[in-house]
>>> print(open('model.cif').read())   # mmCIF, C-alpha atoms
data_model
loop_
_atom_site.label_atom_id
_atom_site.label_comp_id
_atom_site.auth_asym_id
_atom_site.auth_seq_id
_atom_site.Cartn_x
_atom_site.Cartn_y
_atom_site.Cartn_z
CA MET A 61 -2.77 8.85 102.45
CA ASP A 62 -4.83 5.86 103.43
CA LEU A 63 -8.41 6.36 102.25
CA SER A 64 -9.51 2.77 102.83
CA PHE A 65 -12.33 4.05 105.05
CA LEU A 66 -14.16 5.13 101.88
CA SER A 67 -16.64 2.76 100.25
CA ASN A 68 -15.78 1.13 96.91
CA GLY A 69 -18.26 3.40 95.11
CA VAL A 70 -16.56 6.55 96.40
CA LEU A 71 -13.08 5.15 95.83
CA ASN A 72 -14.04 4.39 92.24
CA ALA A 73 -15.41 7.89 91.78
CA ILE A 74 -12.13 9.50 92.86
CA ARG A 75 -9.85 6.93 91.22
CA ASP A 76 -8.67 9.34 88.52
CA LEU A 77 -7.60 11.98 91.04
CA LEU A 78 -4.21 12.10 92.75
CA THR A 79 -4.83 11.44 96.42
CA GLU A 80 -2.09 13.81 97.56
CA LYS A 81 -3.80 16.67 95.72
CA ILE A 82 -7.24 16.11 97.23
CA TYR A 83 -7.80 18.52 100.10
CA GLU A 84 -11.41 17.75 100.81
CA ILE A 85 -14.13 15.27 99.81
CA ARG A 86 -17.76 16.13 100.47
CA LEU A 87 -20.41 13.44 100.40
CA ARG A 88 -24.08 14.34 100.56
CA GLU A 89 -26.72 11.65 100.50
CA ASN A 90 -28.35 11.35 97.05
CA TYR A 91 -26.04 13.94 95.48
CA LYS A 92 -22.87 13.91 93.47
CA ILE A 93 -19.53 13.94 95.23
CA THR A 94 -17.66 17.23 95.38
CA VAL A 95 -13.95 17.50 96.00
CA ASN A 96 -11.50 20.27 96.63
CA TYR A 97 -8.74 19.32 94.27
CA MET A 98 -5.59 21.45 94.47
CA GLY A 99 -7.69 24.30 95.86
CA THR A 100 -10.40 24.10 93.20
CA ARG A 101 -13.89 22.80 93.83
CA ARG A 102 -14.89 20.01 91.45
CA VAL A 103 -18.12 18.03 91.15
CA LEU A 104 -17.55 14.41 90.21
CA SER A 105 -20.20 13.61 87.68
CA ASP A 106 -20.28 9.86 87.58
CA TYR A 107 -21.46 8.79 91.03
CA ILE A 108 -24.41 9.59 93.27
CA CYS A 109 -23.55 9.19 96.93
CA LYS A 110 -25.82 6.81 98.82
CA LYS A 111 -26.61 6.49 102.49
CA ASP A 112 -24.66 3.22 102.49
CA ASP A 113 -21.51 5.11 101.45
CA ILE A 114 -21.83 7.44 104.43
CA ASP A 115 -22.70 4.60 106.80
CA PHE A 116 -19.68 2.66 105.54
CA ILE A 117 -17.37 5.57 106.38
CA ILE A 118 -18.85 6.03 109.85
CA ASN A 119 -18.69 2.29 110.54
CA THR A 120 -15.13 1.95 109.35
CA VAL A 121 -13.76 5.01 111.09
CA THR A 122 -15.51 4.20 114.37
CA GLU A 123 -14.41 0.55 114.06
CA LYS A 124 -18.09 -0.38 114.06
CA SER A 125 -18.44 1.24 117.48
CA VAL A 126 -20.35 4.49 117.33
CA TYR A 127 -20.68 4.43 121.15
CA ALA A 128 -16.87 4.65 121.51
CA TYR A 129 -16.69 7.74 119.28
CA ASN A 130 -19.86 9.42 120.46
CA ASP A 131 -18.01 12.17 122.34
CA TYR A 132 -16.49 13.24 119.02
CA ILE A 133 -19.66 12.65 117.00
CA LYS A 134 -21.68 14.96 119.22
CA ASN A 135 -19.05 17.65 118.60
CA GLY A 136 -19.60 17.20 114.88
CA PHE A 137 -16.48 15.39 113.73
CA ILE A 138 -14.50 12.17 113.91
CA THR A 139 -10.77 11.94 113.25
CA THR A 140 -9.21 8.82 111.75
CA LYS A 141 -6.00 7.31 113.10
CA ASN A 142 -3.94 9.02 110.44
CA GLY A 143 -5.39 12.46 111.12
CA VAL A 144 -8.14 12.72 108.50
CA ARG A 145 -10.89 14.86 110.01
CA ILE A 146 -14.43 13.92 109.04
CA GLY A 147 -17.04 16.57 109.74
CA ILE A 148 -20.56 15.17 110.02
CA CYS A 149 -24.07 16.51 109.56
CA GLY A 150 -27.29 14.86 110.56
CA GLN A 151 -30.02 15.04 113.18
CA CYS A 152 -28.91 16.27 116.58
CA VAL A 153 -30.39 14.43 119.54
CA TYR A 154 -30.81 16.52 122.70
CA GLN A 155 -31.12 15.67 126.34
CA GLY A 156 -32.07 18.87 128.13
CA ASP A 157 -29.83 21.54 126.65
CA ASN A 158 -27.06 19.18 125.63
CA ILE A 159 -26.54 17.36 122.36
CA ILE A 160 -26.05 13.69 123.20
CA THR A 161 -25.45 12.42 119.69
CA ILE A 162 -25.95 13.06 115.99
CA LYS A 163 -27.96 10.40 114.21
CA ASN A 164 -29.08 9.77 110.63
CA ILE A 165 -25.86 11.25 109.30
CA SER A 166 -26.65 12.62 105.85
CA SER A 167 -23.46 14.35 104.80
CA VAL A 168 -19.78 14.22 105.61
CA ASN A 169 -16.87 16.50 104.86
CA ILE A 170 -13.60 14.62 104.71
CA ARG A 171 -10.62 16.94 105.16
CA ILE A 172 -7.42 15.30 104.13
CA PRO A 173 -4.41 16.68 105.97
CA HIS A 174 -1.24 17.53 104.15
CA LEU A 175 2.27 17.96 105.32
CA ILE A 176 3.77 20.60 103.10
CA SER A 177 7.41 20.77 103.97
CA GLY A 178 8.63 24.36 104.02
CA CYS A 179 5.19 25.98 104.03
CA SER A 180 5.97 27.66 107.35
CA ASP A 181 9.29 29.15 106.20
CA GLY A 182 7.83 32.66 106.02
CA VAL A 183 6.35 32.45 109.50
CA PHE A 184 9.34 30.70 111.02
CA SER A 185 11.82 33.37 110.00
CA LYS A 186 9.67 36.05 111.63
CA ILE A 187 8.89 34.37 114.93
CA ILE A 188 12.39 33.43 116.04
CA ASP A 189 13.55 35.61 118.90
CA ASN A 190 17.12 34.67 119.98
CA ASN A 191 16.70 31.13 121.29
CA SER A 192 12.95 31.40 121.63
CA VAL A 193 9.88 32.45 119.68
CA TYR A 194 7.45 35.36 119.74
CA ASN A 195 3.92 34.71 120.85
CA SER A 196 2.25 34.49 117.47
CA LEU A 197 -1.21 34.25 116.01
CA ILE A 198 -1.94 32.91 112.53
CA ILE A 199 -5.10 34.44 111.10
CA ALA A 200 -7.14 33.10 108.19
CA PRO A 201 -10.63 31.90 107.25
CA PRO A 202 -11.17 28.13 107.13
CA PHE A 203 -9.25 26.22 104.50
CA CYS A 204 -6.31 28.57 104.05
CA GLY A 205 -3.70 26.27 105.60
CA LYS A 206 -3.45 27.42 109.22
CA THR A 207 -3.14 23.89 110.59
CA THR A 208 -0.76 22.88 107.81
CA ILE A 209 1.53 25.80 108.75
CA VAL A 210 1.40 24.94 112.45
CA LYS A 211 2.30 21.31 111.67
CA ASP A 212 5.31 22.33 109.62
CA LEU A 213 6.24 24.87 112.25
CA ALA A 214 6.20 22.17 114.93
CA ILE A 215 8.66 20.08 112.91
CA LYS A 216 10.95 23.09 112.33
CA LEU A 217 10.89 24.22 115.97
CA ASN A 218 11.60 20.67 117.07
CA LYS A 219 14.71 20.58 114.91
CA SER A 220 16.02 24.07 115.45
CA LEU A 221 15.32 24.92 119.09
CA ASN A 222 16.22 22.86 122.09
CA LYS A 223 12.91 23.61 123.77
CA ASN A 224 10.01 21.55 125.07
CA ILE A 225 7.10 21.93 122.70
CA LEU A 226 3.56 21.02 123.66
CA ILE A 227 0.99 20.55 120.91
CA ILE A 228 -2.61 20.87 122.01
CA ASP A 229 -4.34 18.75 119.41
CA GLU A 230 -8.04 19.00 120.11
CA ARG A 231 -9.18 17.11 117.02
CA GLY A 232 -6.39 14.60 116.44
CA GLU A 233 -5.13 16.45 113.36
CA PHE A 234 -1.51 16.40 114.48
CA SER A 235 -1.34 12.63 114.81
CA VAL A 236 1.51 12.36 112.28
CA ILE A 237 3.67 14.99 114.03
CA SER A 238 6.27 13.76 116.48
CA GLY A 239 9.78 14.66 117.57
CA GLU A 240 12.25 14.39 120.43
CA ASN A 241 11.13 17.75 121.86
CA ILE A 242 7.42 17.37 121.16
CA ASP A 243 4.72 16.37 123.62
CA LYS A 244 1.23 16.09 122.33
CA ILE A 245 -2.05 16.12 124.13
CA SER A 246 -4.73 14.82 121.77
CA PHE A 247 -8.52 15.02 121.80
CA SER A 248 -8.38 17.20 124.88
CA ASN A 249 -10.25 20.44 125.26
CA LYS A 250 -8.28 23.59 125.95
CA TYR A 251 -9.45 23.69 129.56
CA PHE A 252 -7.74 20.41 130.39
CA ALA A 253 -4.74 21.06 128.18
CA PHE A 254 -3.99 24.50 129.61
CA ASN A 255 -4.82 23.70 133.23
CA TYR A 256 -3.26 20.30 133.64
CA ALA A 257 -0.89 19.60 130.77
CA LEU A 258 0.93 22.91 131.20
CA ARG A 259 1.56 22.09 134.85
CA SER A 260 2.53 18.48 134.29
CA MET A 261 4.59 18.90 131.11
CA SER A 262 6.05 22.39 131.76
CA PRO A 263 6.51 23.28 128.08
CA ASP A 264 8.51 26.20 126.75
CA ILE A 265 6.36 26.59 123.65
CA VAL A 266 2.71 25.69 123.14
CA LEU A 267 1.17 25.20 119.71
CA THR A 268 -2.60 25.23 119.58
CA ASP A 269 -5.20 25.41 116.87
CA GLU A 270 -8.22 27.69 116.63
CA LEU A 271 -8.90 30.03 119.51
CA ILE A 272 -12.67 30.26 119.58
CA SER A 273 -14.14 31.29 122.90
CA ASP A 274 -13.42 33.83 125.64
CA SER A 275 -12.02 31.04 127.76
CA ASP A 276 -9.57 30.00 125.02
CA TRP A 277 -8.17 33.54 125.04
CA ARG A 278 -8.00 33.56 128.82
CA PHE A 279 -6.11 30.24 128.87
CA VAL A 280 -3.63 31.59 126.34
CA GLY A 281 -3.26 34.82 128.32
CA SER A 282 -2.61 32.88 131.48
CA ALA A 283 0.01 30.70 129.77
CA ILE A 284 1.75 33.74 128.26
CA SER A 285 1.82 35.53 131.60
CA SER A 286 3.51 32.43 133.04
CA GLY A 287 6.34 32.85 130.55
CA ILE A 288 5.24 30.19 128.09
CA LYS A 289 5.40 31.08 124.41
CA VAL A 290 2.20 30.40 122.50
CA ILE A 291 1.65 29.98 118.79
CA ALA A 292 -2.04 29.75 117.93
CA THR A 293 -4.44 30.10 115.01
CA ILE A 294 -7.79 31.80 114.66
CA HIS A 295 -10.59 32.10 112.13
CA ALA A 296 -10.71 35.65 110.83
CA ASP A 297 -10.16 37.18 107.45
CA SER A 298 -8.20 40.30 108.41
CA ILE A 299 -6.53 42.06 111.30
CA SER A 300 -9.51 44.41 111.67
CA ASN A 301 -11.86 41.45 111.73
CA LEU A 302 -9.73 39.99 114.54
CA LYS A 303 -9.87 43.24 116.52
CA ASP A 304 -13.66 43.25 116.21
CA LYS A 305 -14.00 39.89 117.90
CA LYS A 306 -15.40 40.37 121.38
CA GLU A 307 -13.11 37.72 122.86
CA PHE A 308 -9.96 39.35 121.42
CA ILE A 309 -7.39 40.42 124.03
CA ASP A 310 -5.01 43.09 122.81
CA GLY A 311 -1.31 42.79 123.60
CA LEU A 312 -1.10 39.04 124.06
CA PHE A 313 0.67 38.28 120.80
CA CYS A 314 3.81 39.86 119.37
CA ARG A 315 3.32 38.65 115.82
CA TYR A 316 0.15 38.36 113.75
CA PHE A 317 0.24 36.57 110.41
CA VAL A 318 -2.69 37.00 108.02
CA LEU A 319 -2.79 34.29 105.35
CA ARG A 320 -3.90 34.79 101.77
CA ARG A 321 -7.42 33.63 101.02
CA ASP A 322 -6.75 32.43 97.49
CA SER A 323 -3.99 29.96 98.31
CA ILE A 324 -2.93 27.59 101.01
CA GLY A 325 -0.30 28.48 103.57
CA ILE A 326 0.93 31.77 102.06
CA ILE A 327 1.39 34.86 104.26
CA ASP A 328 -0.37 37.96 103.03
CA LYS A 329 0.56 40.40 105.80
CA THR A 330 2.52 40.36 109.04
CA PHE A 331 1.82 42.64 112.00
CA ASP A 332 3.76 43.39 115.16
CA LYS A 333 2.57 43.67 118.76
CA ASP A 334 1.04 47.10 118.09
CA MET A 335 -0.65 45.70 115.01
CA LYS A 336 1.52 47.73 112.67
CA GLU A 337 2.38 46.01 109.44
CA ILE A 338 5.99 44.86 109.23
CA MET B 155 -16.87 -63.36 117.26
CA ASN B 156 -20.57 -62.42 117.51
CA VAL B 157 -20.00 -61.18 121.07
CA ALA B 158 -17.17 -58.91 119.86
CA PHE B 159 -19.41 -57.47 117.07
CA GLY B 160 -22.18 -57.00 119.60
CA ILE B 161 -19.89 -55.08 121.98
CA ILE B 162 -18.58 -52.96 119.11
CA SER B 163 -22.13 -52.14 118.01
CA ILE B 164 -23.00 -51.05 121.59
CA ILE B 165 -19.95 -48.77 121.68
CA ILE B 166 -20.65 -47.31 118.23
CA SER B 167 -24.34 -46.68 118.79
CA THR B 168 -23.66 -45.16 122.24
CA PHE B 169 -21.10 -42.88 120.61
CA ILE B 170 -23.61 -41.94 117.90
CA GLY B 171 -26.11 -41.10 120.64
CA PHE B 172 -23.46 -38.96 122.33
CA ARG B 173 -22.64 -37.17 119.08
CA LEU B 174 -26.31 -36.51 118.38
CA SER B 175 -26.67 -34.94 121.81
CA PHE B 176 -23.69 -32.69 121.11
CA LYS B 177 -25.75 -29.96 119.49
CA TYR B 178 -27.37 -29.32 122.87
CA THR B 179 -23.96 -28.80 124.46
CA GLU B 180 -22.94 -26.52 121.58
CA LYS B 181 -26.10 -24.51 121.99
CA LYS B 182 -25.63 -24.20 125.74
CA ASP B 183 -22.00 -23.09 125.27
CA PHE B 184 -23.04 -20.66 122.54
CA TYR B 185 -25.48 -18.92 124.87
CA LYS B 186 -22.99 -19.05 127.74
CA TYR B 187 -20.41 -17.07 125.76
CA TYR B 188 -23.04 -14.89 124.10
CA ARG B 189 -24.23 -13.90 127.58
CA GLN B 190 -20.65 -13.35 128.71
CA PHE B 191 -19.92 -11.14 125.68
CA ASN B 192 -23.07 -9.12 126.23
CA SER B 193 -22.16 -8.51 129.90
CA ASN B 194 -18.58 -7.57 129.02
CA LEU B 195 -19.89 -5.21 126.38
CA GLU B 196 -21.95 -3.42 129.01
CA ASN B 197 -18.75 -2.74 130.91
CA GLU B 198 -16.91 -1.69 127.77
CA VAL B 199 -19.67 0.68 126.66
CA SER B 200 -20.20 2.14 130.13
CA PHE B 201 -16.60 2.66 131.20
CA LEU B 202 -13.77 1.44 128.99
CA ASN B 203 -14.94 2.68 125.58
CA ASN B 204 -12.93 0.06 123.66
CA THR B 205 -14.18 -0.50 120.14
CA LEU B 206 -16.08 -3.58 119.09
CA LEU B 207 -13.32 -4.59 116.70
CA SER B 208 -10.68 -4.43 119.41
CA ILE B 209 -12.90 -6.47 121.77
CA ILE B 210 -13.41 -9.11 119.09
CA GLU B 211 -9.73 -9.09 118.20
CA LYS B 212 -8.77 -9.84 121.81
CA SER B 213 -11.38 -12.57 122.21
CA ASP B 214 -10.52 -16.28 122.32
CA LYS B 215 -11.05 -17.62 118.79
CA ASP B 216 -10.97 -21.22 120.02
CA ILE B 217 -14.48 -20.49 121.26
CA TYR B 218 -17.07 -21.04 118.54
CA PHE B 219 -19.22 -18.07 119.59
CA TYR B 220 -16.39 -15.56 119.07
CA ARG B 221 -15.53 -17.04 115.69
CA VAL B 222 -19.15 -16.67 114.59
CA LEU B 223 -19.33 -13.15 116.00
CA GLU B 224 -16.19 -12.18 114.10
CA ASP B 225 -17.66 -13.64 110.91
CA LYS B 226 -20.87 -11.67 111.33
CA ILE B 227 -19.46 -8.34 112.47
CA VAL B 228 -16.03 -8.13 110.88
CA ASN B 229 -16.47 -10.22 107.74
CA ASP B 230 -20.20 -9.53 107.18
CA LYS B 231 -20.96 -13.23 106.69
CA LYS B 232 -24.60 -14.18 106.92
CA GLU B 233 -24.43 -17.96 107.34
CA LYS B 234 -26.92 -19.59 109.67
CA ILE B 235 -25.82 -21.41 112.77
CA ALA B 236 -26.84 -25.07 112.44
CA PHE B 237 -27.86 -25.77 116.04
CA LEU B 238 -30.05 -22.65 116.39
CA SER B 239 -33.66 -22.41 115.27
CA LYS B 240 -34.72 -19.89 112.61
CA ASP B 241 -35.95 -17.41 115.23
CA GLU B 242 -32.75 -17.75 117.24
CA ASN B 243 -30.65 -17.24 114.12
CA ASP B 244 -32.70 -14.18 113.19
CA TYR B 245 -32.28 -12.74 116.68
CA PHE B 246 -28.51 -13.22 116.64
CA PHE B 247 -28.30 -11.75 113.15
CA GLU B 248 -30.30 -8.71 114.22
CA TYR B 249 -28.13 -8.29 117.32
CA SER B 250 -24.93 -8.42 115.25
CA GLU B 251 -26.44 -5.79 112.93
CA LYS B 252 -27.34 -3.44 115.79
CA VAL B 253 -24.38 -3.85 118.10
CA GLY B 254 -21.96 -0.91 117.94
CA LYS B 255 -24.19 1.11 115.64
CA THR B 256 -25.64 3.58 118.13
CA ASP B 257 -24.50 5.84 120.96
CA LYS B 258 -23.90 4.73 124.54
CA ALA B 259 -27.55 5.00 125.60
CA GLY B 260 -28.73 3.04 122.57
CA GLN B 261 -26.15 0.32 123.15
CA LEU B 262 -26.98 0.01 126.84
CA GLU B 263 -30.64 -0.36 125.95
CA LEU B 264 -29.81 -3.13 123.47
CA ILE B 265 -27.55 -4.85 126.01
CA THR B 266 -30.17 -4.73 128.77
CA PHE B 267 -32.87 -6.05 126.50
CA THR B 268 -30.62 -8.83 125.21
CA LYS B 269 -29.53 -9.75 128.72
CA LYS B 270 -33.04 -10.91 129.68
CA TYR B 271 -33.40 -12.85 126.44
CA LEU B 272 -30.02 -14.52 126.87
CA THR B 273 -30.68 -15.54 130.46
CA GLU B 274 -33.85 -17.31 129.35
CA LYS B 275 -32.11 -18.90 126.38
CA TYR B 276 -29.16 -20.09 128.43
CA GLU B 277 -31.37 -21.62 131.12
CA THR B 278 -33.48 -23.40 128.52
CA ALA B 279 -30.39 -24.65 126.68
CA GLU B 280 -28.92 -25.92 129.94
CA LYS B 281 -32.10 -27.81 130.79
CA GLU B 282 -32.34 -29.25 127.29
CA GLU B 283 -28.74 -30.36 127.41
CA LYS B 284 -29.26 -32.19 130.71
CA LYS B 285 -32.45 -33.81 129.46
CA TYR B 286 -31.48 -34.77 125.91
CA LYS B 287 -27.84 -35.64 126.45
CA LYS B 288 -28.77 -38.47 128.83
CA LEU B 289 -31.67 -39.48 126.60
CA TYR B 290 -29.59 -39.73 123.43
CA ILE B 291 -26.78 -41.65 125.16
CA LYS B 292 -29.27 -44.04 126.73
CA MET B 293 -31.05 -44.53 123.42
CA GLY B 294 -27.76 -45.17 121.67
CA PHE B 295 -26.80 -47.70 124.29
CA LEU B 296 -30.20 -49.45 124.10
CA ILE B 297 -30.11 -49.66 120.30
CA GLY B 298 -26.57 -51.11 120.56
CA LEU B 299 -27.82 -53.57 123.15
CA LEU B 300 -30.68 -54.55 120.87
CA ILE B 301 -28.24 -55.18 118.02
CA PHE B 302 -26.07 -57.17 120.43
CA ILE B 303 -29.05 -59.37 121.39
CA VAL B 304 -30.06 -59.86 117.76
CA ILE B 305 -26.48 -60.82 116.78
CA ILE B 306 -26.20 -63.35 119.60
#
>>> encode(input="model.cif", output="structure tokens")
Amino acid sequence: MDLSFLSNGVLNAIRDLLTEKIYEIRLRENYKITVNYMGTRRVLSDYICKKDDIDFIINTVTEKSVYAYNDYIKNGFITTKNGVRIGICGQCVYQGDNIITIKNISSVNIRIPHLISGCSDGVFSKIIDNNSVYNSLIIAPPFCGKTTIVKDLAIKLNKSLNKNILIIDERGEFSVISGENIDKISFSNKYFAFNYALRSMSPDIVLTDELISDSDWRFVGSAISSGIKVIATIHADSISNLKDKKEFIDGLFCRYFVLRRDSIGIIDKTFDKDMKEI
Amino acid sequence: MNVAFGIISIIISTFIGFRLSFKYTEKKDFYKYYRQFNSNLENEVSFLNNTLLSIIEKSDKDIYFYRVLEDKIVNDKKEKIAFLSKDENDYFFEYSEKVGKTDKAGQLELITFTKKYLTEKYETAEKEEKKYKKLYIKMGFLIGLLIFIVII
């Protein structure tokens, strides 16, 4: 993984760690660097992060052009060309009710994506339905490997089914995924992706990350009622927690996969359409 | 023989005069391309959203201004430009520090402010070039002529 967008100070601080085992790097101005290394949080003791380190990252990732990335910045993250998502915190600047930018960025959370080949095996075997897939929802709190599973699933579906797959990649995290059956719409919101891309690309299967709002659920419902199969993810820690969400629509999905909290990409429980454990 | 030396001295001193006036042409060209870049940037920031690095990468590096801009923005070099005054150097340095660093509104504000400054600077540089170029060439020629007369 190319981490050349980090300043020399930060690169030196993480030099003893194996890059492929770093899941997350958190930089907070005037504090020590913390990393999630193989699922364990570690504080690196030998370096205090400076404002210059954070500015260097922002400058490098935005190619010295904050204005060109402002639409992402105001949503709280930037994604590098190789799919590293950088969450940012700072002072929000408002115009009326809308955030127009975030300035004086004081901390960043660098999430390093991983392709774990085979991590979706458990899900894959349970979603195949003849020559198609069940509408499926992967449920887990942040940082349990939902996106990693969906990435691996995309590669598997591409190889095993002769179907058109559309990936709705709102945050550019699927940039490394490609295949002869895969179309990808990147940095688009779900409104555009579901209203326009579905019509123009006529996919058989849609993969999308993180259903958040009422409208996300409605878009998915509309796609499913049109005969498109949808595999999506959602932030929740259990099936009951999912049912309690006000935006939840019962009966849309045929398979629900709840991931384990203590590991990355491992299925804890699987539920059918009626939410009975299988 | 003396006549030949005299003619050579006229040619050389006229050429020296021309060379000395060159800094005015360089300065005028610098502000011409600076102004052009600033206007293009307004378009890029407002509509096209291309990054500063990609704009610089596509620019014509045979033009001195773009080479200097690349040195300042991409390579973080802080060398002064010989034909600019201290204030002009400081202004360009400050511009290269600020460009790209803020959101659309901030960049458009910087571009608009710089536009006025650059128009003034370009017009002054153009006038100076017209005035001093002729003056230096004439002076060079006259000094050469003087040498010619002395030799003869």
>>> closest_atom_pairs(input="model.cif", of="chain A", to="chain B", cutoff="9 Å", atoms="only C-alpha atoms", output="CSV")
residue,atom,partner,partner_atom,distance
A:Asn119,CA,B:Lys255,CA,7.6
A:Thr122,CA,B:Thr205,CA,7.6
A:Glu123,CA,B:Leu207,CA,5.9
A:Lys124,CA,B:Gly254,CA,5.5
A:Ser125,CA,B:Gly254,CA,4.2
A:Val126,CA,B:Lys255,CA,5.4
A:Tyr127,CA,B:Asp257,CA,4.1
A:Ala128,CA,B:Asn203,CA,4.9
A:Tyr129,CA,B:Asp257,CA,8.2
A:Asn130,CA,B:Asp257,CA,5.9
A:Ile160,CA,B:Asp257,CA,8.3
A:Thr161,CA,B:Asp257,CA,6.8
A:Ile162,CA,B:Asp257,CA,8.9
A:Lys163,CA,B:Thr256,CA,8.2
>>> write_last_selection(input="model.cif", atoms="C-alpha atoms", output="short mmCIF file (atom, residue, chain, number, x, y, z; two decimals), in the coordinates of the input")
data_model
loop_
_atom_site.label_atom_id
_atom_site.label_comp_id
_atom_site.auth_asym_id
_atom_site.auth_seq_id
_atom_site.Cartn_x
_atom_site.Cartn_y
_atom_site.Cartn_z
CA ASN A 119 -18.69 2.29 110.54
CA THR A 122 -15.51 4.20 114.37
CA GLU A 123 -14.41 0.55 114.06
CA LYS A 124 -18.09 -0.38 114.06
CA SER A 125 -18.44 1.24 117.48
CA VAL A 126 -20.35 4.49 117.33
CA TYR A 127 -20.68 4.43 121.15
CA ALA A 128 -16.87 4.65 121.51
CA TYR A 129 -16.69 7.74 119.28
CA ASN A 130 -19.86 9.42 120.46
CA ILE A 160 -26.05 13.69 123.20
CA THR A 161 -25.45 12.42 119.69
CA ILE A 162 -25.95 13.06 115.99
CA LYS A 163 -27.96 10.40 114.21
#
>>> residues_around(input="model.cif", residues="Tyr187 in chain B", least_positions_apart="2", cutoff="9 Å", atoms="all atoms listed in the file", output="list in words")
Lys182, Asp183, Phe184, Tyr185, Arg189, Gln190, Phe191, Asn192, Ile217, Tyr218, Phe219 and Tyr220 of chain B
>>> write_last_selection(input="model.cif", atoms="C-alpha atoms", output="PDB file, in the coordinates of the input")
ATOM      1  CA  LYS B 182     -25.630 -24.200 125.740  1.00  0.00           C
ATOM      2  CA  ASP B 183     -22.000 -23.090 125.270  1.00  0.00           C
ATOM      3  CA  PHE B 184     -23.040 -20.660 122.540  1.00  0.00           C
ATOM      4  CA  TYR B 185     -25.480 -18.920 124.870  1.00  0.00           C
ATOM      5  CA  ARG B 189     -24.230 -13.900 127.580  1.00  0.00           C
ATOM      6  CA  GLN B 190     -20.650 -13.350 128.710  1.00  0.00           C
ATOM      7  CA  PHE B 191     -19.920 -11.140 125.680  1.00  0.00           C
ATOM      8  CA  ASN B 192     -23.070  -9.120 126.230  1.00  0.00           C
ATOM      9  CA  ILE B 217     -14.480 -20.490 121.260  1.00  0.00           C
ATOM     10  CA  TYR B 218     -17.070 -21.040 118.540  1.00  0.00           C
ATOM     11  CA  PHE B 219     -19.220 -18.070 119.590  1.00  0.00           C
ATOM     12  CA  TYR B 220     -16.390 -15.560 119.070  1.00  0.00           C
TER      13      TYR B 220
END
>>> residues_around(input="model.cif", residues="range 236-251 of chain B", least_positions_apart="6", cutoff="8 Å", atoms="only C-alpha atoms", output="list in words")
Lys177, Tyr178, Glu180, Lys181, Leu223, Lys226 and Ile227 of chain B
>>> residues_around(input="model.cif", residues="Ile117 in chain A", least_positions_apart="4", cutoff="8 Å", atoms="only C-alpha atoms", output="MDAnalysis selection string")
chainID A and resid 65:67 113 121
>>> atom_distance(input="model.cif", atom1="CA of Ile291 in chain B", atom2="CA of Thr168 in chain B")
5.5 Å
>>> resolve_selection(input="model.cif", expression="the PyMOL selection byres ((chain A and resi 268) around 8)", output="ChimeraX atom specification")
/A:227-229,266-267,269-271,290-293
>>> residues_around(input="model.cif", residues="Lys141 in chain A", least_positions_apart="5", cutoff="12 Å", atoms="only C-alpha atoms", output="ChimeraX atom specification")
/A:61-65,120-123,146,173,231-236,246-247
>>> resolve_selection(input="model.cif", expression="the PyMOL selection byres ((chain A and resi 80-88) around 10)", output="short mmCIF file (atom, residue, chain, number, x, y, z; two decimals) with C-alpha atoms, keeping the file's coordinate frame")
data_model
loop_
_atom_site.label_atom_id
_atom_site.label_comp_id
_atom_site.auth_asym_id
_atom_site.auth_seq_id
_atom_site.Cartn_x
_atom_site.Cartn_y
_atom_site.Cartn_z
CA MET A 61 -2.77 8.85 102.45
CA VAL A 70 -16.56 6.55 96.40
CA ILE A 74 -12.13 9.50 92.86
CA LEU A 77 -7.60 11.98 91.04
CA LEU A 78 -4.21 12.10 92.75
CA THR A 79 -4.83 11.44 96.42
CA GLU A 89 -26.72 11.65 100.50
CA ASN A 90 -28.35 11.35 97.05
CA TYR A 91 -26.04 13.94 95.48
CA LYS A 92 -22.87 13.91 93.47
CA ILE A 93 -19.53 13.94 95.23
CA THR A 94 -17.66 17.23 95.38
CA VAL A 95 -13.95 17.50 96.00
CA ASN A 96 -11.50 20.27 96.63
CA TYR A 97 -8.74 19.32 94.27
CA MET A 98 -5.59 21.45 94.47
CA GLY A 99 -7.69 24.30 95.86
CA THR A 100 -10.40 24.10 93.20
CA ARG A 101 -13.89 22.80 93.83
CA ARG A 102 -14.89 20.01 91.45
CA VAL A 103 -18.12 18.03 91.15
CA ILE A 108 -24.41 9.59 93.27
CA CYS A 109 -23.55 9.19 96.93
CA LYS A 110 -25.82 6.81 98.82
CA LYS A 111 -26.61 6.49 102.49
CA ASP A 113 -21.51 5.11 101.45
CA ILE A 114 -21.83 7.44 104.43
CA VAL A 144 -8.14 12.72 108.50
CA ARG A 145 -10.89 14.86 110.01
CA ILE A 146 -14.43 13.92 109.04
CA GLY A 147 -17.04 16.57 109.74
CA ILE A 148 -20.56 15.17 110.02
CA CYS A 149 -24.07 16.51 109.56
CA ILE A 165 -25.86 11.25 109.30
CA SER A 166 -26.65 12.62 105.85
CA SER A 167 -23.46 14.35 104.80
CA VAL A 168 -19.78 14.22 105.61
CA ASN A 169 -16.87 16.50 104.86
CA ILE A 170 -13.60 14.62 104.71
CA ARG A 171 -10.62 16.94 105.16
CA ILE A 172 -7.42 15.30 104.13
CA PRO A 173 -4.41 16.68 105.97
CA HIS A 174 -1.24 17.53 104.15
CA LEU A 175 2.27 17.96 105.32
CA PHE A 203 -9.25 26.22 104.50
#
>>> atom_distance(input="model.cif", atom1="CA of Phe184 in chain A", atom2="CA of Leu217 in chain A")
8.3 Å
>>> atom_distance(input="model.cif", atom1="CA of Ile303 in chain B", atom2="CA of Val157 in chain B")
9.2 Å
